[in-house]
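Undergrad: Compact mmCIF, C-alpha atoms, saved as target_23.txt, coming up:
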```txt
# COMPACT_ATOMS: atom_id res chain seq x y z
CA MET A 2 11.69 -1.80 -19.11
CA THR A 3 11.70 1.07 -21.61
CA PRO A 4 9.77 0.24 -24.80
CA SER A 5 11.43 0.57 -28.18
CA PRO A 6 10.97 4.10 -29.59
CA THR A 7 9.67 2.51 -32.80
CA ASP A 8 7.11 0.28 -31.04
CA THR A 9 4.19 2.71 -30.92
CA PRO A 10 1.59 0.43 -29.19
CA ALA A 11 4.02 -0.54 -26.43
CA ARG A 12 5.10 3.06 -26.02
CA LEU A 13 1.49 4.24 -25.71
CA LEU A 14 0.80 1.63 -23.03
CA SER A 15 3.89 2.75 -21.10
CA LEU A 16 2.84 6.38 -21.44
CA LEU A 17 -0.69 5.58 -20.24
CA SER A 18 0.71 3.67 -17.26
CA LEU A 19 2.81 6.69 -16.26
CA LEU A 20 -0.09 9.09 -16.65
CA GLN A 21 -2.33 6.94 -14.47
CA THR A 22 -0.05 7.72 -11.55
CA PRO A 23 -1.86 10.67 -9.89
CA ARG A 24 0.68 13.42 -10.51
CA GLU A 25 1.63 15.89 -13.22
CA TRP A 26 4.38 14.73 -15.58
CA PRO A 27 6.64 17.33 -17.26
CA GLY A 28 7.01 16.65 -20.98
CA GLY A 29 10.78 16.37 -20.69
CA GLU A 30 10.53 13.73 -17.96
CA LEU A 31 8.08 11.66 -20.01
CA ALA A 32 10.42 11.90 -23.01
CA ASP A 33 13.34 10.66 -20.88
CA ARG A 34 11.29 7.80 -19.44
CA LEU A 35 10.15 6.63 -22.88
CA GLY A 36 13.42 7.31 -24.70
CA VAL A 37 11.82 9.57 -27.32
CA SER A 38 11.69 13.25 -28.19
CA ARG A 39 9.27 15.73 -26.64
CA ARG A 40 7.64 16.07 -30.05
CA THR A 41 6.91 12.34 -30.05
CA VAL A 42 5.43 12.65 -26.55
CA ARG A 43 3.08 15.38 -27.79
CA ARG A 44 1.98 13.19 -30.72
CA ASP A 45 1.40 10.24 -28.38
CA ILE A 46 -0.67 12.42 -26.05
CA ASP A 47 -2.84 13.36 -29.04
CA ARG A 48 -3.25 9.66 -29.91
CA LEU A 49 -4.43 8.89 -26.37
CA ARG A 50 -6.93 11.74 -26.54
CA ASP A 51 -8.23 10.39 -29.85
CA LEU A 52 -8.82 7.07 -28.06
CA GLY A 53 -10.87 8.83 -25.40
CA TYR A 54 -8.33 9.19 -22.60
CA PRO A 55 -8.81 12.58 -20.86
CA VAL A 56 -5.23 13.91 -20.77
CA GLN A 57 -4.92 17.47 -19.50
CA ALA A 58 -1.97 19.69 -20.47
CA THR A 59 -0.61 22.64 -18.50
CA LEU A 60 1.42 25.55 -19.74
CA GLY A 61 4.94 26.34 -18.57
CA ALA A 62 8.59 26.20 -19.49
CA ASP A 63 8.50 22.42 -19.79
CA GLY A 64 4.78 21.81 -19.98
CA GLY A 65 3.03 19.07 -18.07
CA TYR A 66 0.43 16.33 -18.51
CA ARG A 67 -1.90 14.46 -16.21
CA LEU A 68 -4.85 12.09 -16.59
CA VAL A 69 -8.09 13.53 -15.23
CA ALA A 70 -11.54 12.08 -14.56
CA GLY A 71 -13.38 11.86 -17.85
CA LYS A 72 -16.96 11.97 -18.99
CA ALA A 73 -16.78 8.27 -19.84
CA LEU A 74 -14.41 5.38 -19.41
CA PRO A 75 -11.78 5.10 -22.16
CA PRO A 76 -12.93 2.71 -24.92
CA LEU A 77 -11.81 -0.92 -25.09
CA VAL A 78 -10.99 -1.05 -21.40
CA LEU A 79 -14.00 -1.70 -19.14
CA ASP A 80 -17.74 -1.32 -19.38
CA ASP A 81 -19.66 0.30 -16.52
CA GLU A 82 -20.54 -2.94 -14.71
CA GLU A 83 -16.96 -4.24 -14.91
CA ALA A 84 -15.59 -0.94 -13.61
CA VAL A 85 -17.96 -0.93 -10.63
CA ALA A 86 -17.20 -4.57 -9.81
CA ILE A 87 -13.45 -4.00 -9.90
CA ALA A 88 -13.62 -0.80 -7.86
CA VAL A 89 -15.73 -2.45 -5.14
CA GLY A 90 -13.37 -5.41 -5.00
CA LEU A 91 -10.34 -3.15 -4.74
CA ARG A 92 -11.98 -1.10 -2.00
CA ALA A 93 -12.62 -4.29 -0.02
CA GLY A 94 -9.00 -5.38 -0.41
CA ALA A 95 -7.63 -1.96 0.46
CA GLY A 96 -9.98 -1.12 3.30
CA HIS A 97 -9.54 -4.33 5.26
CA ALA A 98 -5.87 -5.12 4.60
CA VAL A 99 -6.32 -8.46 2.85
CA GLU A 100 -2.83 -9.82 3.29
CA GLY A 101 -0.84 -10.17 0.08
CA VAL A 102 -2.98 -7.86 -2.07
CA GLU A 103 -3.47 -4.79 0.09
CA GLU A 104 -0.79 -2.50 -1.33
CA ALA A 105 -1.53 -3.46 -4.93
CA SER A 106 -5.23 -2.81 -4.23
CA VAL A 107 -4.49 0.75 -3.15
CA ARG A 108 -2.33 1.46 -6.21
CA ALA A 109 -4.91 0.00 -8.59
CA LEU A 110 -7.82 1.73 -6.84
CA THR A 111 -6.01 5.07 -7.00
CA LYS A 112 -5.49 4.67 -10.75
CA LEU A 113 -9.04 3.49 -11.42
CA GLU A 114 -10.72 6.28 -9.46
CA GLN A 115 -8.68 8.82 -11.43
CA VAL A 116 -10.70 8.00 -14.55
CA LEU A 117 -14.07 6.85 -13.17
CA PRO A 118 -16.81 9.28 -14.20
CA SER A 119 -18.82 10.74 -11.33
CA ARG A 120 -21.88 8.57 -11.95
CA LEU A 121 -19.79 5.40 -11.45
CA ARG A 122 -17.95 6.77 -8.42
CA HIS A 123 -21.38 7.38 -6.87
CA ARG A 124 -22.47 3.80 -7.61
CA VAL A 125 -19.30 2.40 -6.08
CA ALA A 126 -19.71 4.51 -2.93
CA THR A 127 -23.37 3.52 -2.59
CA LEU A 128 -22.64 -0.18 -2.91
CA GLN A 129 -19.76 0.06 -0.46
CA THR A 130 -21.98 1.82 2.08
CA ALA A 131 -24.57 -0.93 1.83
CA THR A 132 -21.98 -3.67 2.42
CA ILE A 133 -21.09 -4.73 5.96
CA PRO A 134 -17.71 -6.53 6.17
CA LEU A 135 -16.92 -9.30 8.65
CA THR A 136 -13.54 -8.36 10.14
CA SER A 137 -11.18 -10.04 12.58
CA GLY A 138 -12.21 -7.82 15.48
CA ASP A 139 -8.80 -6.23 16.14
CA GLY A 140 -9.88 -2.79 14.85
CA ALA A 141 -7.89 -0.76 12.33
CA THR A 142 -10.63 -0.66 9.67
CA ILE A 143 -9.82 2.20 7.27
CA ALA A 144 -11.91 4.00 4.69
CA PRO A 145 -10.47 3.34 1.21
CA GLU A 146 -10.79 7.07 0.47
CA THR A 147 -8.26 7.76 3.23
CA LEU A 148 -5.76 5.40 1.64
CA THR A 149 -6.23 6.75 -1.87
CA VAL A 150 -5.87 10.39 -0.75
CA ILE A 151 -2.62 9.54 1.04
CA ALA A 152 -1.35 7.39 -1.83
CA SER A 153 -2.08 10.15 -4.34
CA ALA A 154 -0.25 12.75 -2.27
CA ALA A 155 2.76 10.47 -1.84
CA ALA A 156 2.90 9.61 -5.55
CA GLY A 157 2.56 13.25 -6.55
CA SER A 158 5.03 14.55 -3.91
CA GLU A 159 2.37 16.85 -2.42
CA ARG A 160 2.35 17.94 1.20
CA LEU A 161 -0.46 16.37 3.21
CA ARG A 162 -2.43 17.83 6.13
CA PHE A 163 -4.55 15.74 8.52
CA GLY A 164 -5.76 15.34 12.07
CA TYR A 165 -4.01 12.69 14.16
CA ARG A 166 -4.90 10.86 17.37
CA ALA A 167 -1.87 9.60 19.27
CA ARG A 168 -1.67 6.47 21.45
CA ASP A 169 -2.47 8.56 24.54
CA THR A 170 -5.58 9.92 22.66
CA ALA A 171 -4.01 13.39 22.35
CA GLU A 172 -5.16 15.00 19.10
CA SER A 173 -3.13 17.28 16.84
CA ARG A 174 -2.95 18.66 13.31
CA ARG A 175 -0.05 17.51 11.16
CA LEU A 176 1.55 18.85 7.99
CA VAL A 177 3.81 16.24 6.40
CA GLU A 178 5.69 15.23 3.30
CA PRO A 179 4.28 11.72 2.69
CA HIS A 180 6.83 9.16 1.56
CA ARG A 181 5.16 5.74 1.49
CA LEU A 182 2.25 3.67 2.79
CA VAL A 183 3.30 0.40 4.45
CA SER A 184 1.01 -2.49 5.36
CA THR A 185 1.88 -5.07 8.01
CA GLY A 186 -1.17 -7.21 7.18
CA ARG A 187 -3.09 -6.04 10.28
CA ARG A 188 -2.50 -2.31 10.01
CA TRP A 189 -1.50 0.45 7.61
CA TYR A 190 1.24 2.96 8.41
CA LEU A 191 2.29 6.20 6.74
CA VAL A 192 5.98 7.04 6.67
CA ALA A 193 6.33 10.82 6.33
CA TYR A 194 8.53 13.78 7.17
CA ASP A 195 6.78 15.98 9.75
CA ILE A 196 7.28 19.63 8.77
CA ASP A 197 6.62 21.17 12.21
CA ARG A 198 8.72 18.63 14.11
CA GLU A 199 11.48 18.62 11.48
CA ASP A 200 11.85 14.86 11.67
CA TRP A 201 10.56 11.59 10.21
CA ARG A 202 7.48 10.01 11.76
CA THR A 203 5.42 6.84 11.40
CA PHE A 204 1.64 7.35 11.59
CA ARG A 205 -1.01 4.67 12.04
CA VAL A 206 -3.46 5.34 9.23
CA ASP A 207 -6.50 4.28 11.27
CA ARG A 208 -5.70 7.24 13.57
CA ILE A 209 -5.55 9.75 10.68
CA ALA A 210 -8.64 11.94 10.14
CA ASP A 211 -9.65 14.10 7.17
CA PRO A 212 -6.43 13.94 5.12
CA PHE A 213 -6.13 16.31 2.18
CA ALA A 214 -3.35 17.20 -0.23
CA THR A 215 -2.40 20.88 0.04
CA GLY A 216 -1.15 21.17 -3.55
CA ALA A 217 2.29 22.30 -2.33
CA ARG A 218 5.00 20.15 -3.93
CA PHE A 219 8.19 19.00 -2.20
CA ALA A 220 11.48 17.41 -3.18
CA PRO A 221 11.51 13.82 -1.83
CA ARG A 222 13.96 13.16 1.02
CA GLU A 223 15.83 9.94 1.74
CA VAL A 224 13.94 7.89 4.31
CA PRO A 225 15.85 6.67 7.41
CA GLU A 226 17.12 3.08 7.18
CA GLY A 227 16.95 3.56 3.40
CA ASP A 228 13.70 1.58 3.28
CA ALA A 229 10.18 2.50 4.42
CA ALA A 230 9.27 -1.04 5.50
CA GLU A 231 12.39 -1.36 7.67
CA TYR A 232 11.75 2.07 9.18
CA VAL A 233 8.19 1.04 10.11
CA ARG A 234 9.43 -2.24 11.58
CA ARG A 235 11.93 -0.44 13.83
CA SER A 236 9.41 2.26 14.78
CA VAL A 237 6.70 -0.24 15.72
CA SER A 238 9.22 -2.28 17.72
CA SER A 239 10.27 0.78 19.72
CA TRP A 240 6.61 1.61 20.49
CA GLY A 241 6.16 -1.85 21.98
CA ALA A 242 9.02 -1.32 24.50
CA GLY A 243 8.18 -3.85 27.25
CA ALA A 244 5.83 -5.88 24.99
CA ALA A 245 8.42 -6.54 22.27
CA TYR A 246 9.94 -10.01 21.80
CA GLU A 247 12.59 -11.50 19.56
CA LEU A 248 10.96 -13.76 16.98
CA ASP A 249 13.10 -16.64 15.68
CA VAL A 250 11.48 -19.19 13.36
CA GLU A 251 12.82 -21.70 10.81
CA PHE A 252 10.72 -22.67 7.78
CA ASP A 253 10.94 -25.71 5.52
CA ALA A 254 10.59 -23.42 2.51
CA PRO A 255 12.77 -21.05 0.46
CA ALA A 256 13.15 -17.47 1.69
CA GLU A 257 11.38 -16.18 -1.44
CA ALA A 258 8.28 -18.26 -0.68
CA ILE A 259 8.02 -17.02 2.90
CA ALA A 260 8.66 -13.41 1.87
CA GLU A 261 5.57 -13.61 -0.35
CA ARG A 262 3.42 -14.58 2.65
CA ILE A 263 4.80 -12.31 5.37
CA PRO A 264 4.80 -8.51 4.94
CA ALA A 265 8.26 -6.96 4.67
CA ALA A 266 7.47 -4.69 7.61
CA VAL A 267 7.34 -7.79 9.85
CA GLY A 268 10.78 -8.99 8.80
CA VAL A 269 12.82 -10.41 5.94
CA PRO A 270 13.67 -14.15 6.01
CA GLU A 271 17.28 -15.22 5.43
CA ALA A 272 18.10 -18.19 3.21
CA LEU A 273 19.45 -21.43 4.71
CA PRO A 274 20.80 -24.58 3.01
CA ASP A 275 18.41 -27.21 1.63
CA ASP A 276 15.72 -24.70 0.55
CA ARG A 277 15.01 -23.62 4.10
CA CYS A 278 14.98 -20.15 5.64
CA ARG A 279 15.02 -18.39 9.00
CA LEU A 280 13.04 -15.35 10.15
CA ARG A 281 14.58 -13.35 12.98
CA THR A 282 12.98 -10.05 13.89
CA THR A 283 11.58 -7.97 16.74
CA SER A 284 7.80 -8.14 17.02
CA THR A 285 5.14 -6.44 19.13
CA ASP A 286 2.20 -8.36 17.66
CA PRO A 287 0.08 -10.41 20.08
CA LEU A 288 1.48 -13.93 20.39
CA HIS A 289 -1.76 -15.59 19.25
CA TRP A 290 -1.77 -13.44 16.10
CA THR A 291 1.86 -14.34 15.32
CA ALA A 292 1.01 -18.03 15.75
CA ILE A 293 -1.86 -17.69 13.25
CA ARG A 294 0.33 -15.77 10.80
CA LEU A 295 3.00 -18.48 10.90
CA ALA A 296 0.42 -21.23 10.36
CA MET A 297 -1.12 -19.37 7.42
CA THR A 298 2.15 -19.43 5.47
CA GLY A 299 1.21 -23.00 4.56
CA TYR A 300 4.71 -24.36 5.28
CA ASP A 301 6.15 -26.44 8.13
CA PHE A 302 8.07 -24.37 10.65
CA ARG A 303 9.87 -24.63 14.00
CA VAL A 304 9.82 -21.90 16.64
CA ARG A 305 13.27 -21.36 18.12
CA GLY A 306 12.12 -18.49 20.30
CA PRO A 307 10.65 -17.05 22.35
CA GLU A 308 9.28 -19.78 24.60
CA GLU A 309 5.99 -17.90 24.93
CA LEU A 310 5.46 -18.16 21.18
CA THR A 311 6.11 -21.91 21.29
CA THR A 312 3.34 -22.15 23.86
CA ALA A 313 0.99 -20.02 21.72
CA VAL A 314 1.61 -22.23 18.67
CA SER A 315 1.01 -25.38 20.72
CA GLU A 316 -2.25 -23.97 22.08
CA LEU A 317 -3.39 -23.04 18.57
CA ALA A 318 -2.57 -26.54 17.29
CA ALA A 319 -4.46 -28.15 20.19
CA ARG A 320 -7.48 -25.92 19.63
CA LEU A 321 -7.60 -26.69 15.91
CA THR A 322 -7.18 -30.42 16.56
CA GLN A 323 -9.98 -30.35 19.11
CA SER A 324 -12.29 -28.54 16.72
CA THR A 325 -11.91 -31.33 14.14
CA ASN A 326 -12.70 -34.02 16.72
CA LEU A 327 -16.00 -32.51 17.91
CA SER A 328 -19.04 -34.69 17.32
CA PRO A 329 -21.78 -33.25 15.08
CA ALA A 330 -24.66 -31.57 16.92
CA GLY A 331 -27.29 -34.07 18.01
CA ASP A 332 -24.99 -37.13 18.22
```
For the structure just supplied, provide its representation as structure tokens.
TA:
Amino acid sequence: MTPSPTDTPARLLSLLSLLQTPREWPGGELADRLGVSRRTVRRDIDRLRDLGYPVQATLGADGGYRLVAGKALPPLVLDDEEAVAIAVGLRAGAGHAVEGVEEASVRALTKLEQVLPSRLRHRVATLQTATIPLTSGDGATIAPETLTVIASAAAGSERLRFGYRARDTAESRRLVEPHRLVSTGRRWYLVAYDIDREDWRTFRVDRIADPFATGARFAPREVPEGDAAEYVRRSVSSWGAGAAYELDVEFDAPAEAIAERIPAAVGVPEALPDDRCRLRTTSTDPLHWTAIRLAMTGYDFRVRGPEELTTAVSELAARLTQSTNLSPAGD
């Protein structure tokens, strides 16, 4: 929602939010976004600088602005301890794909690290290095720096270069136009246009090594399927070939509630009468993982197919029931 041109505080907050996206904003584009003149944008930039926000301007026909790392955090936002605590928490959420908050963690971490002074970035990295996470054991642990580099390049429409290890362990160098990061809850994927192959590709981020933005800008293309999550879903399904199965589950909950608990890349539930919904999609996830995911929605559900998933859900229910009936040690 565009703020009123006469509401200076709201306009400054909107301007700051735009600038915290890691890219350079032409003055004319900022003026259009805020519904004000370029002269007003220049005055607002000066106001932000007076408040301590390190806004850098570049010369050119239209001029440009971007927020850079400053010598200190902007006033009235966070003190050092709060900034470190938030950054570490966001790194944990981003690096281990905590379902439901992973994508927001990457966006927030990217913005925060744009303005963290070097001394705080060092503290965050040190604390993260000293912390050992307990993960689910299915691999795909990713360094938060990898995600933020990719997210920054995608947001700024900058070409990205990285090393990539394919499923058959073959290694290659890739130059791509990054479009979007997509999380399925267990893994991260990058949807990008591969320059050398002249086609769209889906890359598993845990197989990406040493990504860096080249600085070369590109005009965004339209992603196949019209949606990055749907493109990833179809790509992952095709990789599974013989391992893929048709998932069909009914929930005693509205479609909106289930959509909040299941990543869009897995599938989109369709509404049914009486506040129920149905999820039909192609999946290549292990059956035991799908059973756990369904149970973790917190709603009653019925598996209509495949039969193997019904068996996996029954086995999970039996195992959980048995675990609650075990006698305490020593009885």
Undergrad: As a list in words, please: the residues near Asp195 of chain A (cut-off 7 Å, only C-alpha atoms, same-chain neighbours under 3 positions excluded).
TA: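 Here the qualifying residues turn out to be Leu176, Val177, Glu178, Arg198, Glu199, Asp200, Trp201 and Arg202 of chain A.
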Undergrad: Counting only C-alpha atoms, what is within 10 Å of Leu49 of chain A, bar same-chain residues fewer than 4 positions away, as a ChimeraX atom specification?
TA: /A:13-14,16-17,44-45,53-56,75
Undergrad: Near Arg234 of chain A, within 12 Å and counting all atoms listed in the file, which residues show up once chain neighbours fewer than 6 positions away are dropped, as a short mmCIF file (atom, residue, chain, number, x, y, z; two decimals) with C-alpha atoms, in the coordinates of the input?
TA:
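Now in out.cif:
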```
data_model
loop_
_atom_site.label_atom_id
_atom_site.label_comp_id
_atom_site.auth_asym_id
_atom_site.auth_seq_id
_atom_site.Cartn_x
_atom_site.Cartn_y
_atom_site.Cartn_z
CA VAL A 183 3.30 0.40 4.45
CA SER A 184 1.01 -2.49 5.36
CA THR A 185 1.88 -5.07 8.01
CA TRP A 189 -1.50 0.45 7.61
CA TYR A 190 1.24 2.96 8.41
CA VAL A 192 5.98 7.04 6.67
CA THR A 203 5.42 6.84 11.40
CA PRO A 225 15.85 6.67 7.41
CA GLU A 226 17.12 3.08 7.18
CA ASP A 228 13.70 1.58 3.28
CA TRP A 240 6.61 1.61 20.49
CA GLY A 241 6.16 -1.85 21.98
CA ALA A 245 8.42 -6.54 22.27
CA PRO A 264 4.80 -8.51 4.94
CA ALA A 265 8.26 -6.96 4.67
CA ALA A 266 7.47 -4.69 7.61
CA VAL A 267 7.34 -7.79 9.85
CA GLY A 268 10.78 -8.99 8.80
CA VAL A 269 12.82 -10.41 5.94
CA THR A 282 12.98 -10.05 13.89
CA THR A 283 11.58 -7.97 16.74
CA SER A 284 7.80 -8.14 17.02
CA THR A 285 5.14 -6.44 19.13
CA ASP A 286 2.20 -8.36 17.66
#
```
Undergrad: Within 10 Å of Arg175 of chain A, counting only C-alpha atoms, which residues show up once you throw out same-chain ones fewer than 4 positions away? Write them as a list of chain:residue names, please.
TA: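 In the requested format, the answer is A:Leu161, A:Arg162, A:Phe163, A:Gly164, A:Tyr165, A:Asp195, A:Ile196, A:Asp197, A:Arg198, A:Ile209, A:Pro212.
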Undergrad: Could you save the residues just selected, with C-alpha atoms, as a PDB file, keeping the file's coordinate frame?
TA:
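So out_37.pdb came out as:
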```
ATOM      1  CA  LEU A 161      -0.460  16.370   3.210  1.00  0.00           C
ATOM      2  CA  ARG A 162      -2.430  17.830   6.130  1.00  0.00           C
ATOM      3  CA  PHE A 163      -4.550  15.740   8.520  1.00  0.00           C
ATOM      4  CA  GLY A 164      -5.760  15.340  12.070  1.00  0.00           C
ATOM      5  CA  TYR A 165      -4.010  12.690  14.160  1.00  0.00           C
ATOM      6  CA  ASP A 195       6.780  15.980   9.750  1.00  0.00           C
ATOM      7  CA  ILE A 196       7.280  19.630   8.770  1.00  0.00           C
ATOM      8  CA  ASP A 197       6.620  21.170  12.210  1.00  0.00           C
ATOM      9  CA  ARG A 198       8.720  18.630  14.110  1.00  0.00           C
ATOM     10  CA  ILE A 209      -5.550   9.750  10.680  1.00  0.00           C
ATOM     11  CA  PRO A 212      -6.430  13.940   5.120  1.00  0.00           C
TER      12      PRO A 212
END
```
Undergrad: What's the 9 Å shell around Thr298 of chain A, counting all atoms listed in the file, without same-chain residues fewer than 5 positions away, as a ChimeraX atom specification?
TA: /A:258-259,261-263,293
Undergrad: Hey, can you pull every residue with an atom no more than 12 Å from (15.7, -24.8, 3.4), using all atoms listed in the file, and send it as a ChimeraX atom specification?
TA: /A:251-259,270-280,300-302
Undergrad: Please determine, counting all atoms listed in the file, which residue among A:Thr215, A:Ser324, A:Ser18, A:Thr291 has the shortest atom-to-atom distance to Ile151 of chain A.
TA: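 Looking only at the distances to Ile151 of chain A, the closest residue turns out to be A:Thr215.
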Undergrad: Quick one: distance from atom CA of Val150 of chain A to atom CA of Arg174 of chain A in Å, one decimal?
TA: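 Between atom CA of Val150 of chain A and atom CA of Arg174 of chain A the gap is 16.6 Å.
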Undergrad: Provide the atom CA of Gly157 of chain A to atom CA of Thr111 of chain A distance in Å, to one decimal place.
TA: 11.9 Å
Undergrad: Pick from A:Leu31, A:Val37, A:Val85, A:Ala230: nearest to Tyr66 of chain A, with only C-alpha atoms counted?
TA: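 Counting only C-alpha atoms, the residue closest to Tyr66 of chain A is A:Leu31.
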